[in-house]
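Input: a single structure, listed below in structure tokens.
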Amino acid sequence: MRAPTQAQLVSMLRGHGYHFRTFNFSVEDPCRAEDVDWNYKDIVHPHFVHPHMRRCYAFADADGYSCIDIQRPFGFQVAQSVSTWVSGPNRLTTMTVSFFLIIIIEVVFEPIAELRSRTTTTYQIGSTWRLLLAAAVPVLQWALRRNWDEFWRDDHRMRVRRGELRQQGFDFAKPPRIHGIASTLKISDNNVVPPAVPCTHPVTRIDLAPRDGRVVYVGTSDHFGLQVALHPDRLEIYPRLCPHEGACLDTPRAPAQGMVRCPWHGRSFPPVATLSYAEAPTTVVGPLHRFVLTESELRIEPLGETSAAGVPDWTGSRAPMAAT
């Protein structure tokens, strides 16, 4: 039995004298079930998205991983050895052992509408001691629900973002099954597939007077959106959409190190273009925009004939054009 389900494990352990109590939690998210599936299998994001825990991986392949989870559920540090594997379509099973208790968790996600999914997490708590089980389960249910709420609150934002992008016509590349869970370690992959439509954003003019590190947002946080950081001596133009898995890259202040970082996976992006005010007038062409710098303003002109379908990475830049 290579990848047993929760029910199969419980059945085997009952044969060894274990008794079980069960409970479950259910939640709905405005995204596809495949987005929830990706979220659960993505083994990089916990380090960046879940501040209440740290995870040290020992092993990962296409269908599972083993790790040590370090959390502080009662104000002091607790480490758990955890194994998780794919036990069926849209199904993951996790197992951990704490002293005299075995905890087996199964997550099942299912579509309930075009952009609506339901995730059900079922817990099976097992022990050979009935009295211990009766005393421990109420406390564990409270602690696990609290932990589950923290995880879901953080992950829900990622799922909402994916659903919003799908509403705009975006899709996401699916890695070959042979890679599976381990393939999520490749944060340099560009898995966002933008809709094949030209940019319809109007020409934007930005006044260069406030050069105090503020950021001006252009468009929306999609592949055509930009953020312009106004430094005292230069301006830097950054993307607003991570091409890896679709995170929003917006930052409230000009990046100090000349990079914006993806909040989901830590991938960093340099500016699409950097323009010194001393170089004005000058023109630079990016993947999807033309940037025209004068002494008083920056004019951003969408390349209307350019569809992002032919530009797999809109975070790069081209060589500057001749000064105008």
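Residue names in the structure tokens use chain letters A, B, ... in the order shown, residue numbers from 1 in each chain, and ligand numbers from 1 in the order shown.
For Asp171 (chain A), the residues within 7 Å (counting only C-alpha atoms, excluding itself and residues fewer than 3 positions away along the chain) are Arg166, Val192, Val193 and Pro194 of chain A.
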(request) Would you list the contacts of region 216-218 of chain A as number ranges by chain, taking every protein, DNA or RNA residue within 10 Å and counting only C-alpha atoms, but skipping same-chain residues closer than 5 positions in sequence? (result) A: 201-207, 224-230, 237-240, 250-254, 300
(request) Check the smallest atom-to-atom distance from each of A:Asp212, A:Glu295, A:Asp154, A:Asp35 to Phe48 (chain A) using only C-alpha atoms, then report the winner. (result)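 Result for the nearest residue to Phe48 (chain A): A:Asp154.
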(request) Kindly give the distance, in Å, that separates CA of Ile103 (chain A) and CA of Tyr123 (chain A), rounded to a single decimal. (result)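 One can read the CA of Ile103 (chain A) to CA of Tyr123 (chain A) distance as 7.0 Å.
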(message) Can you tell me which residues surround region 221-223 of chain A at a distance of at most 10 Å, considering only C-alpha atoms, apart from same-chain residues fewer than 6 positions away, and format the answer as number ranges by chain?
(response) A: 165, 168, 170, 192-195, 199, 239-243, 246-250, 288, 308, 311-315
(request) Taking the DSSP assignment computed from this structure's backbone, write out as a ChimeraX atom specification all residues of region 22-263 of chain A that belong to strand (DSSP E). (result) /A:22-29,53-60,64-71,78-88,91-98,101-113,116-127,171-172,192-193,204-207,215-218,226-230,234-239,260-261
(request) Fewer than 2 positions away in the same chain doesn't count, so skip those; otherwise give me all residues within 12 Å of Val107 (chain A), counting only C-alpha atoms, as an MDAnalysis selection string. (result) chainID A and resid 5:6 24:27 33 36:37 39:41 84:95 104:105 109:110 118:124 148
Next, write the just-selected residues to a file, as a short mmCIF file (atom, residue, chain, number, x, y, z; two decimals), in the first residue's frame, keeping N, CA and C atoms as the atom set.
```cif
data_model
loop_
_atom_site.label_atom_id
_atom_site.label_comp_id
_atom_site.auth_asym_id
_atom_site.auth_seq_id
_atom_site.Cartn_x
_atom_site.Cartn_y
_atom_site.Cartn_z
N THR A 5 -4.86 5.96 2.18
CA THR A 5 -5.76 7.03 2.60
C THR A 5 -5.87 7.03 4.12
N GLN A 6 -6.52 8.04 4.62
CA GLN A 6 -6.73 8.11 6.06
C GLN A 6 -7.53 6.90 6.55
N ASN A 24 -13.91 17.29 11.95
CA ASN A 24 -13.46 17.91 10.70
C ASN A 24 -13.85 19.38 10.65
N PHE A 25 -13.16 20.12 9.80
CA PHE A 25 -13.44 21.52 9.51
C PHE A 25 -13.61 21.66 8.00
N SER A 26 -14.45 22.59 7.59
CA SER A 26 -14.69 22.80 6.17
C SER A 26 -14.70 24.29 5.87
N VAL A 27 -14.21 24.65 4.68
CA VAL A 27 -14.16 26.05 4.29
C VAL A 27 -14.30 26.14 2.77
N ALA A 33 -10.61 24.28 -7.53
CA ALA A 33 -10.05 23.25 -6.66
C ALA A 33 -8.57 23.02 -6.98
N VAL A 36 -6.41 25.26 -4.91
CA VAL A 36 -6.23 24.77 -3.54
C VAL A 36 -5.22 23.62 -3.55
N ASP A 37 -5.33 22.75 -4.56
CA ASP A 37 -4.39 21.64 -4.71
C ASP A 37 -2.96 22.17 -4.82
N ASN A 39 -1.88 25.09 -3.77
CA ASN A 39 -1.56 25.74 -2.51
C ASN A 39 -1.05 24.73 -1.48
N TYR A 40 -1.71 23.59 -1.39
CA TYR A 40 -1.31 22.58 -0.41
C TYR A 40 0.01 21.91 -0.80
N LYS A 41 0.25 21.75 -2.11
CA LYS A 41 1.46 21.05 -2.55
C LYS A 41 2.67 21.98 -2.66
N THR A 84 3.62 13.85 4.64
CA THR A 84 2.44 14.17 3.84
C THR A 84 2.60 13.55 2.46
N TRP A 85 1.52 12.99 1.92
CA TRP A 85 1.59 12.37 0.60
C TRP A 85 0.24 12.51 -0.12
N VAL A 86 0.30 12.37 -1.43
CA VAL A 86 -0.90 12.39 -2.26
C VAL A 86 -1.54 11.01 -2.16
N SER A 87 -2.78 10.97 -1.67
CA SER A 87 -3.44 9.68 -1.47
C SER A 87 -4.63 9.48 -2.42
N GLY A 88 -4.75 10.37 -3.40
CA GLY A 88 -5.83 10.26 -4.37
C GLY A 88 -6.03 11.59 -5.08
N PRO A 89 -6.88 11.63 -6.09
CA PRO A 89 -7.16 12.89 -6.76
C PRO A 89 -7.74 13.92 -5.79
N ASN A 90 -7.15 15.13 -5.78
CA ASN A 90 -7.61 16.20 -4.89
C ASN A 90 -7.64 15.76 -3.42
N ARG A 91 -6.64 14.98 -3.04
CA ARG A 91 -6.62 14.44 -1.68
C ARG A 91 -5.17 14.33 -1.18
N LEU A 92 -4.94 14.84 0.03
CA LEU A 92 -3.64 14.71 0.68
C LEU A 92 -3.83 14.13 2.07
N THR A 93 -2.92 13.26 2.46
CA THR A 93 -2.97 12.65 3.80
C THR A 93 -1.68 12.99 4.54
N THR A 94 -1.83 13.32 5.82
CA THR A 94 -0.69 13.69 6.67
C THR A 94 -0.72 12.86 7.94
N MET A 95 0.45 12.48 8.43
CA MET A 95 0.52 11.68 9.65
C MET A 95 1.62 12.23 10.55
N ILE A 104 -3.78 11.59 12.32
CA ILE A 104 -3.84 11.39 10.87
C ILE A 104 -4.83 12.41 10.30
N ILE A 105 -4.36 13.19 9.35
CA ILE A 105 -5.15 14.29 8.79
C ILE A 105 -5.33 14.04 7.30
N PHE A 109 -10.28 18.48 -1.44
CA PHE A 109 -10.79 19.72 -2.04
C PHE A 109 -11.61 19.37 -3.27
N GLU A 110 -12.74 20.03 -3.41
CA GLU A 110 -13.66 19.71 -4.50
C GLU A 110 -14.26 20.98 -5.08
N ARG A 118 -14.49 23.83 -2.21
CA ARG A 118 -14.67 23.50 -0.80
C ARG A 118 -13.53 22.59 -0.36
N THR A 119 -12.95 22.93 0.79
CA THR A 119 -11.87 22.13 1.36
C THR A 119 -12.34 21.57 2.70
N THR A 120 -12.26 20.26 2.86
CA THR A 120 -12.64 19.60 4.10
C THR A 120 -11.41 18.93 4.71
N THR A 121 -11.12 19.29 5.93
CA THR A 121 -9.97 18.72 6.65
C THR A 121 -10.51 17.83 7.76
N THR A 122 -10.18 16.56 7.70
CA THR A 122 -10.66 15.57 8.67
C THR A 122 -9.51 15.09 9.53
N TYR A 123 -9.71 15.13 10.83
CA TYR A 123 -8.70 14.69 11.78
C TYR A 123 -9.14 13.37 12.41
N GLN A 124 -8.21 12.43 12.50
CA GLN A 124 -8.41 11.19 13.25
C GLN A 124 -7.33 11.14 14.32
N TRP A 148 -5.39 25.54 12.52
CA TRP A 148 -6.02 25.46 11.20
C TRP A 148 -6.50 26.84 10.76
#
```
(request) Report the distance between CA of Ile68 (chain A) and CA of Trp152 (chain A) in Å, rounded to one decimal place. (result)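 Rounded to one decimal, the two atoms are 19.6 Å apart.
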(request) Among the residues of region 46-140 of chain A, find those DSSP assigns to helix (DSSP H, G or I) from the backbone and print them as an NGL selection string. (result) :A and (46-49 or 130-140)
(message) Could you list, as a list in words, every residue within 8 Å of Ser83 (chain A), counting only C-alpha atoms and ignoring same-chain residues fewer than 5 positions away?
(response)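 Once the nearby chain positions are removed, what remains is Gly64, Tyr65, Ser66, Cys67, Thr94, Met95 and Thr96 of chain A.
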(request) Could you check which of A:Cys31, A:Met12, A:Leu132, A:Leu303 is closest to Pro198 (chain A), using only C-alpha atoms? (result) A:Leu303
(request) Quote the spacing between CA of Ile181 (chain A) and CA of Trp38 (chain A) in Å to one decimal place. (result)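 Distance between the two atoms: 8.6 Å.
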